[in-house]
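Undergrad: Just input.cif, nothing more (mmCIF, C-alpha atoms and all ligand atoms):
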data_run
#
loop_
_atom_site.label_atom_id
_atom_site.label_comp_id
_atom_site.auth_asym_id
_atom_site.auth_seq_id
_atom_site.Cartn_x
_atom_site.Cartn_y
_atom_site.Cartn_z
CA MET A 1 6.02 -7.91 12.93
CA LYS A 2 8.26 -5.45 14.69
CA LYS A 3 7.44 -5.08 18.38
CA GLU A 4 7.61 -1.28 18.12
CA LEU A 5 4.59 -1.29 15.82
CA VAL A 6 2.23 -2.60 18.52
CA SER A 7 1.80 0.80 20.21
CA LEU A 8 0.63 2.27 16.88
CA LEU A 9 -2.10 -0.27 16.17
CA ILE A 10 -5.84 0.10 16.74
CA CYS A 11 -8.74 -2.21 15.94
CA PRO A 12 -9.88 -1.57 12.35
CA ALA A 13 -13.24 -3.24 13.03
CA CYS A 14 -14.10 -0.74 15.79
CA LEU A 15 -13.52 2.37 13.66
CA PRO A 16 -14.45 5.22 13.96
CA GLU A 17 -13.66 4.44 17.60
CA GLU A 18 -9.93 4.03 18.07
CA VAL A 19 -9.33 1.09 20.38
CA GLN A 20 -5.70 0.17 21.18
CA LEU A 21 -4.89 -3.50 20.45
CA GLN A 22 -3.30 -5.74 23.07
CA VAL A 23 -0.56 -8.11 22.03
CA SER A 24 0.08 -11.65 23.15
CA VAL A 25 3.39 -13.06 21.95
CA ARG A 26 4.05 -16.77 21.37
CA GLU A 27 7.34 -16.53 19.51
CA ILE A 28 9.80 -13.69 19.11
CA SER A 29 13.02 -13.52 17.14
CA ARG A 30 15.42 -10.53 17.08
CA GLY A 31 12.69 -8.01 18.03
CA ASP A 32 10.19 -9.43 15.50
CA ILE A 33 7.00 -11.08 16.75
CA GLU A 34 6.94 -14.27 14.68
CA ALA A 35 3.77 -15.73 16.20
CA GLY A 36 1.08 -14.32 18.44
CA GLU A 37 -2.19 -12.43 18.47
CA LEU A 38 -3.44 -8.87 18.60
CA LEU A 39 -6.63 -8.67 20.61
CA CYS A 40 -9.24 -5.93 20.64
CA PRO A 41 -10.39 -5.45 24.24
CA GLN A 42 -13.66 -3.94 22.99
CA CYS A 43 -15.01 -6.19 20.21
CA ARG A 44 -12.85 -9.18 21.32
CA ARG A 45 -11.69 -9.70 17.76
CA VAL A 46 -8.37 -11.55 17.43
CA TYR A 47 -5.92 -10.62 14.67
CA PRO A 48 -3.30 -13.33 14.10
CA ILE A 49 0.44 -12.86 13.65
CA GLU A 50 1.81 -15.87 11.78
CA GLY A 51 5.21 -16.27 10.20
CA GLY A 52 5.88 -12.67 11.25
CA VAL A 53 2.90 -11.40 9.24
CA ALA A 54 0.23 -9.52 11.20
CA ASP A 55 -3.19 -9.83 9.61
CA LEU A 56 -5.29 -6.79 10.49
CA ASP A 57 -7.77 -7.05 7.65
CA PRO A 58 -11.20 -6.91 9.33
CA ASN A 59 -12.82 -8.45 6.23
CA ALA A 60 -10.71 -11.61 6.24
CA GLY A 61 -12.11 -14.91 7.44
CA PRO A 62 -9.85 -17.33 9.34
CA ALA A 63 -9.29 -19.31 6.15
CA GLY A 64 -7.74 -16.27 4.49
CA LYS A 65 -8.60 -14.41 1.33
CA PRO A 66 -10.88 -15.87 -1.30
CA ALA A 67 -8.93 -17.33 -4.21
CA ALA A 68 -10.75 -14.82 -6.43
CA ASN A 69 -8.31 -12.09 -5.35
CA LYS A 70 -5.97 -12.00 -8.35
CA TYR A 71 -3.30 -10.33 -6.19
CA GLU A 72 -2.85 -13.64 -4.35
CA THR A 73 -1.87 -15.64 -7.47
CA PRO A 74 1.71 -16.66 -8.45
CA PRO A 75 1.63 -15.04 -11.95
CA VAL A 76 0.53 -11.68 -10.51
CA LEU A 77 3.09 -11.95 -7.69
CA SER A 78 5.76 -12.52 -10.33
CA SER A 79 4.50 -9.54 -12.39
CA TYR A 80 4.62 -7.23 -9.37
CA LEU A 81 8.07 -8.37 -8.24
CA TRP A 82 9.27 -7.50 -11.73
CA SER A 83 7.33 -4.22 -11.84
CA HIS A 84 8.77 -3.09 -8.49
CA TYR A 85 12.36 -4.26 -8.79
CA ALA A 86 13.22 -4.71 -12.49
CA ASP A 87 15.65 -1.77 -12.40
CA MET A 88 17.54 -3.53 -9.60
CA LEU A 89 17.61 -6.73 -11.69
CA GLU A 90 19.20 -4.59 -14.40
CA ASP A 91 16.43 -5.36 -16.84
CA GLU A 92 16.65 -3.00 -19.79
CA SER A 93 12.82 -2.90 -20.03
CA ALA A 94 12.47 -1.62 -16.44
CA SER A 95 10.67 1.66 -15.78
CA ASP A 96 11.97 4.32 -13.40
CA ALA A 97 8.49 4.94 -11.97
CA TYR A 98 9.24 4.15 -8.32
CA ARG A 99 12.38 6.32 -8.27
CA ARG A 100 10.37 9.16 -9.80
CA TRP A 101 7.55 8.84 -7.27
CA ALA A 102 10.17 8.64 -4.49
CA SER A 103 11.77 11.86 -5.67
CA LEU A 104 8.48 13.62 -4.86
CA MET A 105 8.67 12.71 -1.16
CA GLU A 106 10.42 14.87 1.41
CA PRO A 107 12.34 13.46 4.40
CA HIS A 108 10.65 13.70 7.80
CA ALA A 109 10.67 12.21 11.29
CA GLY A 110 8.08 9.62 12.33
CA LEU A 111 5.82 7.26 10.45
CA ALA A 112 5.10 6.82 6.74
CA VAL A 113 2.24 4.67 5.42
CA ASP A 114 2.16 3.14 1.95
CA ALA A 115 -1.39 1.90 1.22
CA GLY A 116 -1.69 -0.93 -1.32
CA ALA A 117 2.06 -1.49 -0.97
CA ALA A 118 2.04 -4.77 -2.95
CA VAL A 119 5.58 -6.25 -2.81
CA GLY A 120 6.99 -3.18 -1.14
CA ARG A 121 9.16 -1.14 -3.47
CA PHE A 122 7.67 2.20 -2.58
CA THR A 123 7.60 1.35 1.14
CA PHE A 124 11.35 0.69 0.97
CA GLU A 125 11.79 4.00 -0.88
CA MET A 126 9.80 5.83 1.84
CA SER A 127 11.79 4.11 4.60
CA ARG A 128 14.87 5.99 3.40
CA LYS A 129 13.20 9.29 4.29
CA CYS A 130 11.55 8.62 7.68
CA ASP A 131 11.92 6.66 10.94
CA LEU A 132 9.55 3.83 10.02
CA ALA A 133 7.64 3.09 6.82
CA VAL A 134 4.76 0.63 6.97
CA GLY A 135 3.45 -1.01 3.81
CA VAL A 136 -0.18 -2.09 4.02
CA ASP A 137 -1.87 -4.46 1.57
CA ASN A 138 -4.76 -6.93 1.73
CA SER A 139 -2.87 -9.53 -0.33
CA ARG A 140 -1.14 -12.00 1.99
CA ALA A 141 1.02 -13.32 -0.86
CA PHE A 142 2.34 -9.80 -1.56
CA ILE A 143 2.98 -8.99 2.11
CA ARG A 144 4.76 -12.33 2.67
CA ALA A 145 7.05 -11.60 -0.29
CA ALA A 146 7.75 -8.04 0.92
CA ARG A 147 8.59 -9.33 4.43
CA GLU A 148 10.83 -12.01 2.99
CA LEU A 149 12.75 -9.31 1.18
CA MET A 150 12.90 -7.23 4.36
CA GLN A 151 14.09 -10.11 6.55
CA ARG A 152 16.35 -12.09 4.23
CA ARG A 153 17.40 -9.08 2.15
CA GLY A 154 16.82 -11.08 -0.98
CA ILE A 155 14.23 -13.10 -2.86
CA ALA A 156 14.07 -15.37 -5.90
CA VAL A 157 11.96 -13.78 -8.62
CA PRO A 158 10.41 -16.31 -11.02
CA LEU A 159 9.95 -14.58 -14.37
CA LYS A 160 7.55 -16.03 -16.89
CA GLN A 161 9.22 -16.30 -20.26
CA GLU A 162 6.41 -17.94 -22.23
CA GLY A 163 3.65 -20.42 -21.28
CA ASN A 164 5.06 -22.65 -18.55
CA ILE A 165 8.69 -21.65 -19.08
CA PHE A 166 10.09 -19.56 -16.24
CA SER A 167 13.54 -18.21 -15.50
CA GLU A 168 14.64 -17.21 -12.04
CA SER A 169 16.48 -14.05 -11.07
CA VAL A 170 17.71 -13.33 -7.58
CA LEU A 171 17.00 -9.91 -6.21
CA SER A 172 19.15 -8.51 -3.39
CA LEU A 173 18.34 -5.34 -1.48
CA PRO A 174 20.93 -2.55 -1.68
CA PRO A 175 22.93 -2.32 1.60
CA GLU A 176 21.74 1.26 2.22
CA TRP A 177 18.08 0.11 2.51
CA ASP A 178 17.65 -0.46 6.24
CA SER A 179 15.33 -3.36 7.18
CA ASP A 180 14.92 -1.84 10.67
CA ARG A 181 13.02 1.10 9.17
CA VAL A 182 10.41 -0.86 7.27
CA GLU A 183 7.49 -3.17 8.06
CA PHE A 184 4.64 -4.77 6.13
CA ILE A 185 1.21 -5.77 7.42
CA VAL A 186 -1.97 -7.20 5.92
CA ALA A 187 -4.72 -4.61 6.31
CA ASP A 188 -7.53 -2.89 4.45
CA ALA A 189 -6.92 0.53 2.91
CA LEU A 190 -10.55 1.35 3.79
CA ALA A 191 -10.07 0.61 7.52
CA LEU A 192 -6.48 1.37 8.43
CA PRO A 193 -5.28 0.03 11.80
CA PHE A 194 -3.57 3.29 12.79
CA ARG A 195 -4.54 6.14 15.09
CA ALA A 196 -5.76 9.46 13.68
CA GLY A 197 -2.87 11.83 12.95
CA SER A 198 -0.17 9.18 13.32
CA ALA A 199 1.55 9.43 9.91
CA ALA A 200 3.67 12.26 8.54
CA SER A 201 3.67 10.91 5.01
CA LEU A 202 1.24 8.78 3.09
CA ALA A 203 1.18 7.22 -0.33
CA SER A 204 -1.56 5.64 -2.37
CA LEU A 205 -0.13 4.46 -5.66
CA ASN A 206 -2.35 2.84 -8.26
CA LEU A 207 -4.90 1.82 -5.67
CA ILE A 208 -7.87 4.18 -5.62
CA ASP A 209 -9.47 2.69 -8.74
CA LYS A 210 -9.10 -0.83 -7.26
CA VAL A 211 -11.07 -0.39 -4.04
CA PRO A 212 -14.86 -0.71 -3.64
CA ARG A 213 -15.19 2.68 -1.90
CA PRO A 214 -12.63 5.16 -3.23
CA LEU A 215 -13.87 8.09 -1.12
CA ARG A 216 -13.70 5.94 2.02
CA HIS A 217 -10.04 5.21 1.15
CA LEU A 218 -9.30 8.94 0.89
CA GLU A 219 -11.09 9.57 4.19
CA GLU A 220 -8.99 6.89 5.87
CA MET A 221 -5.73 8.30 4.52
CA ASN A 222 -6.87 11.73 5.67
CA ARG A 223 -7.73 10.44 9.16
CA VAL A 224 -4.33 8.79 9.61
CA ALA A 225 -2.41 11.83 8.29
CA ARG A 226 -1.18 14.46 10.76
CA ALA A 227 -3.39 17.54 10.83
CA ALA A 228 -0.26 19.66 10.22
CA GLY A 229 3.16 18.62 8.94
CA ALA A 230 1.94 15.90 6.56
CA GLN A 231 2.52 15.04 2.91
CA PHE A 232 0.34 12.86 0.70
CA LEU A 233 1.18 11.38 -2.70
CA LEU A 234 -1.65 9.85 -4.69
CA SER A 235 -1.06 8.46 -8.15
CA ASP A 236 -3.44 6.45 -10.32
CA PRO A 237 -4.40 5.65 -13.90
CA PHE A 238 -8.07 6.08 -12.89
CA SER A 239 -9.12 2.88 -14.66
CA TRP A 240 -12.57 2.91 -13.09
CA SER A 241 -14.39 -0.40 -13.41
CA GLU A 242 -17.56 -2.00 -12.09
CA GLU A 243 -15.38 -4.98 -11.21
CA ALA A 244 -13.77 -2.93 -8.43
CA ALA A 245 -16.50 -0.46 -7.45
CA HIS A 246 -20.08 0.38 -8.33
CA GLU A 247 -20.19 3.39 -10.68
CA ASP A 248 -21.91 5.46 -7.96
CA GLU A 249 -18.69 5.15 -5.92
CA TRP A 250 -16.28 6.28 -8.67
CA LEU A 251 -14.56 9.60 -8.09
CA GLY A 252 -14.35 10.33 -11.80
CA GLY A 253 -14.96 8.86 -15.24
CA ARG A 254 -18.63 9.85 -15.06
CA THR A 255 -20.64 12.27 -17.14
CA SER A 256 -23.00 13.29 -14.34
CA GLY A 257 -23.32 13.18 -10.57
CA PRO A 258 -21.21 14.64 -7.75
CA PHE A 259 -17.90 13.34 -9.13
CA ALA A 260 -18.44 13.85 -12.85
CA GLY A 261 -15.28 14.53 -14.89
CA ARG A 262 -11.71 13.36 -14.45
CA GLY A 263 -10.52 11.44 -11.39
CA LEU A 264 -7.36 13.49 -10.77
CA ASP A 265 -9.28 16.79 -10.91
CA ASN A 266 -11.86 15.47 -8.45
CA VAL A 267 -9.24 14.09 -6.03
CA ILE A 268 -7.43 17.45 -6.15
CA ALA A 269 -10.70 19.30 -5.45
CA LEU A 270 -11.46 16.99 -2.50
CA LEU A 271 -7.97 17.48 -1.02
CA ALA A 272 -8.28 21.23 -1.45
CA GLY A 273 -11.54 21.21 0.53
CA ASN A 274 -14.20 21.18 -2.15
CA PRO A 275 -16.41 19.52 -0.98
CA ALA A 276 -15.16 19.61 2.61
CA ARG A 277 -14.79 15.85 3.13
CA LEU A 278 -11.06 15.76 4.01
CA PRO A 279 -10.42 18.38 6.70
CA PRO A 280 -8.14 20.15 7.42
CA ARG A 281 -7.69 21.00 3.78
CA TRP A 282 -4.51 20.16 1.84
CA GLU A 283 -2.39 22.51 -0.24
CA ILE A 284 -1.66 21.11 -3.69
CA ARG A 285 2.09 21.31 -4.40
CA SER A 286 2.28 19.53 -7.75
CA ARG A 287 0.51 17.31 -10.22
CA GLY A 288 1.82 15.33 -13.14
CA GLU A 289 2.11 11.90 -14.66
CA ILE A 290 4.50 8.99 -14.40
CA TRP A 291 4.70 6.06 -16.81
CA TRP A 292 4.54 2.77 -14.98
CA LYS A 293 5.05 -0.68 -16.42
CA ILE A 294 3.90 -4.20 -15.52
CA ARG A 295 5.36 -7.33 -17.16
CA THR A 296 3.11 -10.31 -17.93
CA HIS A 297 5.78 -12.41 -19.70
CA ALA A 298 8.96 -11.84 -21.69
CA ASN A 299 7.06 -10.47 -24.69
CA HIS A 300 4.17 -8.72 -23.00
CA PHE A 301 4.16 -5.53 -20.94
CA GLU A 302 1.42 -3.16 -19.89
CA GLN A 303 2.39 0.51 -19.94
CA ILE A 304 0.25 2.66 -17.68
CA ARG A 305 0.05 6.44 -17.32
CA SER A 306 -0.33 7.08 -13.61
CA CYS A 307 -1.50 10.62 -12.86
CA TYR A 308 -0.32 12.00 -9.53
CA VAL A 309 -1.03 14.76 -7.07
CA LYS A 310 1.32 15.73 -4.26
CA ALA A 311 -0.30 17.57 -1.37
CA HIS A 312 0.91 19.00 1.97
CA ARG A 313 -0.68 20.49 5.04
C1 LIG A 401 -2.53 -1.99 -8.91
S1 LIG A 401 -1.73 -2.58 -7.46
C2 LIG A 401 -0.62 -1.25 -7.04
C3 LIG A 401 0.48 -1.66 -6.11
C4 LIG A 401 1.48 -0.59 -5.70
N1 LIG A 401 0.89 0.48 -4.94
C5 LIG A 401 2.17 -0.05 -6.92
O1 LIG A 401 1.83 1.06 -7.36
O2 LIG A 401 3.01 -0.73 -7.47
C6 LIG A 401 -3.00 -2.45 -6.25
C7 LIG A 401 -2.59 -3.02 -4.90
O3 LIG A 401 -3.57 -2.70 -3.94
C8 LIG A 401 -3.88 -3.85 -3.16
N2 LIG A 401 -5.25 -3.67 -2.67
C9 LIG A 401 -6.41 -3.73 -3.37
N3 LIG A 401 -7.44 -3.45 -2.56
C10 LIG A 401 -6.94 -3.20 -1.34
C11 LIG A 401 -7.50 -2.85 -0.08
N4 LIG A 401 -8.82 -2.70 0.08
N5 LIG A 401 -6.68 -2.67 0.96
C12 LIG A 401 -5.33 -2.83 0.83
N6 LIG A 401 -4.74 -3.16 -0.33
C13 LIG A 401 -5.53 -3.34 -1.41
C14 LIG A 401 -3.65 -5.02 -4.08
O4 LIG A 401 -3.43 -6.23 -3.38
C15 LIG A 401 -2.42 -4.53 -4.86
O5 LIG A 401 -1.25 -4.84 -4.19
#
In structure tokens, write the structure found in this file.

TA:
Amino acid sequence: MKKELVSLLICPACLPEEVQLQVSVREISRGDIEAGELLCPQCRRVYPIEGGVADLDPNAGPAGKPAANKYETPPVLSSYLWSHYADMLEDESASDAYRRWASLMEPHAGLAVDAGAAVGRFTFEMSRKCDLAVGVDNSRAFIRAARELMQRRGIAVPLKQEGNIFSESVLSLPPEWDSDRVEFIVADALALPFRAGSAASLASLNLIDKVPRPLRHLEEMNRVARAAGAQFLLSDPFSWSEEAAHEDEWLGGRTSGPFAGRGLDNVIALLAGNPARLPPRWEIRSRGEIWWKIRTHANHFEQIRSCYVKAHR
């Protein structure tokens, strides 16, 4: 983890109190803390930094994530590496989704946060428009892969062809993508380890229907966003499921209750201040849809309509 990130980090377990973490470094290499700990002086919780990866997920036990998290498995890692970087592997089936989302973001000084960053494509895209972009995800496998790309500027991408047959492509980052402007950490999108008002731009792509408390996620993004001079891009297919969140928590896809109707309409209403859960209110600049694609194997792709809103304040 980059040393410069330390001053931005607070204890996610102590929220809503914002308690600055203290760092203890065991190994450092070219400005990156390779091994060490982040300690909360209040709750005494210790967040490890191992292999350069800082783990700030307050829900994680020392043994790591339960195997039940599909985002930790090799086939899903392979699918996401393809989904994020297929255009750079010159795959004719690639989608242009990440370039299209990136075109919606405006350049700015300071920090950008990409929640649910997976293997990092959108974080890299954001890093081209700000001083530092931080990708946050609670999958260690994804964050390790994203950091490997950041550090080594390349990664082998195993692509499932059929059954147990894989081919391997090598992905290299374009020279204009600056590794000094990007970082990836393990953290929970419902308890972000950043101070209130610290980020000038925020993204939540294809995440809100995957978390157990979607409104809590929006509240966290809102807390971390600057009160003025901030932009927020949220995009999602709104595939609500009981697997991710109890129906009472859904922000759409319901016929009755406070968030009856469509997810995008309800997120837009929340951002615009109705109900007043995300103050100060956001101005909606645009809404639309972007087709996004995930590859399972050579003959199987999922095509997903991700509906977005872009807001400023
Ligand atoms: C459907 S994927 C979308 C990934 C990426 N944003 C994109 O659009 O390509 C959802 C991502 O959110 C991550 N995720 C799920 N729950 C999370 C949470 N509570 N905190 C942080 N990341 C989470 C998963 O590990 C996965 O990388």

Undergrad: Set the cut-off to 6 Å, count all atoms listed in the file, and list whatever residues fall near ligand LIG 401 (chain A) as an MDAnalysis selection string.

TA: chainID A and resid 71 116:118 137:139 187:190 205:207 210:211

Undergrad: Which distance in Å separates atom CA of Ala269 of chain A and atom CA of Phe194 of chain A, to one decimal?

TA: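 Atom-to-atom, atom CA of Ala269 of chain A and atom CA of Phe194 of chain A are spaced 25.3 Å apart.
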
Undergrad: Fewer than 2 positions away in the same chain doesn't count, so skip those; otherwise give me all residues within 8 Å of Val170 of chain A, counting all atoms listed in the file, as number ranges by chain.

TA: A: 89, 154-157, 168, 172

Undergrad: Taking all atoms listed in the file into account, which of A:Val119, A:Val76, A:Cys40, A:Ala109 comes nearest Ser201 of chain A?

TA: A:Ala109

Undergrad: Could you check the closest approach to Ala244 of chain A for each of A:Ser93, A:Asn59, A:Gln42, A:Asn69 and tell me which residue wins, using all atoms listed in the file?

TA: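 That would be A:Asn69, the residue with the smallest distance to Ala244 of chain A.
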
Undergrad: Kindly extract all protein, DNA and RNA residues lying within 12 Å of the coordinates (1.2, -15.2, -10.4) given in the file, considering all atoms listed in the file, and supply them as a PyMOL selection string.

TA: chain A and resi 69-82+141-142+157-160+164+166+295-297

Undergrad: Which one is closest to Glu220 of chain A: A:Ala115, A:Phe301, A:Asp180, A:Asp32? Count only C-alpha atoms.

TA: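 Counting only C-alpha atoms, the residue closest to Glu220 of chain A is A:Ala115.
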
Undergrad: Since the input is missing atoms for segment 48-62 of chain A, could you rebuild it with N, CA and C atoms and give the result as an mmCIF file, in the coordinates of the input?

TA:
data_model
loop_
_atom_site.group_PDB
_atom_site.id
_atom_site.type_symbol
_atom_site.label_atom_id
_atom_site.label_comp_id
_atom_site.auth_asym_id
_atom_site.auth_seq_id
_atom_site.Cartn_x
_atom_site.Cartn_y
_atom_site.Cartn_z
ATOM 1 N N PRO A 48 -4.459 -12.457 13.938
ATOM 2 C CA PRO A 48 -3.300 -13.330 14.100
ATOM 3 C C PRO A 48 -1.998 -12.721 13.595
ATOM 4 N N ILE A 49 -0.904 -13.145 14.211
ATOM 5 C CA ILE A 49 0.440 -12.860 13.650
ATOM 6 C C ILE A 49 1.046 -14.243 13.395
ATOM 7 N N GLU A 50 1.268 -14.545 12.135
ATOM 8 C CA GLU A 50 1.810 -15.870 11.780
ATOM 9 C C GLU A 50 2.954 -15.696 10.807
ATOM 10 N N GLY A 51 4.038 -16.397 11.064
ATOM 11 C CA GLY A 51 5.210 -16.270 10.200
ATOM 12 C C GLY A 51 5.676 -14.827 10.126
ATOM 13 N N GLY A 52 5.447 -14.066 11.209
ATOM 14 C CA GLY A 52 5.880 -12.670 11.250
ATOM 15 C C GLY A 52 4.896 -11.708 10.604
ATOM 16 N N VAL A 53 3.857 -12.253 9.955
ATOM 17 C CA VAL A 53 2.900 -11.400 9.240
ATOM 18 C C VAL A 53 1.673 -11.145 10.116
ATOM 19 N N ALA A 54 1.430 -9.885 10.443
ATOM 20 C CA ALA A 54 0.230 -9.520 11.200
ATOM 21 C C ALA A 54 -0.910 -9.301 10.216
ATOM 22 N N ASP A 55 -2.045 -9.941 10.503
ATOM 23 C CA ASP A 55 -3.190 -9.830 9.610
ATOM 24 C C ASP A 55 -4.281 -9.003 10.280
ATOM 25 N N LEU A 56 -4.340 -7.735 9.883
ATOM 26 C CA LEU A 56 -5.290 -6.790 10.490
ATOM 27 C C LEU A 56 -6.409 -6.422 9.531
ATOM 28 N N ASP A 57 -6.679 -7.321 8.579
ATOM 29 C CA ASP A 57 -7.770 -7.050 7.650
ATOM 30 C C ASP A 57 -9.081 -7.484 8.306
ATOM 31 N N PRO A 58 -9.972 -6.539 8.633
ATOM 32 C CA PRO A 58 -11.200 -6.910 9.330
ATOM 33 C C PRO A 58 -12.158 -7.713 8.462
ATOM 34 N N ASN A 59 -11.915 -7.727 7.129
ATOM 35 C CA ASN A 59 -12.820 -8.450 6.230
ATOM 36 C C ASN A 59 -12.416 -9.908 6.039
ATOM 37 N N ALA A 60 -11.233 -10.274 6.529
ATOM 38 C CA ALA A 60 -10.710 -11.610 6.240
ATOM 39 C C ALA A 60 -11.308 -12.641 7.178
ATOM 40 N N GLY A 61 -11.680 -13.787 6.614
ATOM 41 C CA GLY A 61 -12.110 -14.910 7.440
ATOM 42 C C GLY A 61 -10.874 -15.651 7.910
ATOM 43 N N PRO A 62 -11.015 -16.611 8.843
ATOM 44 C CA PRO A 62 -9.850 -17.330 9.340
ATOM 45 C C PRO A 62 -9.148 -18.127 8.242
#
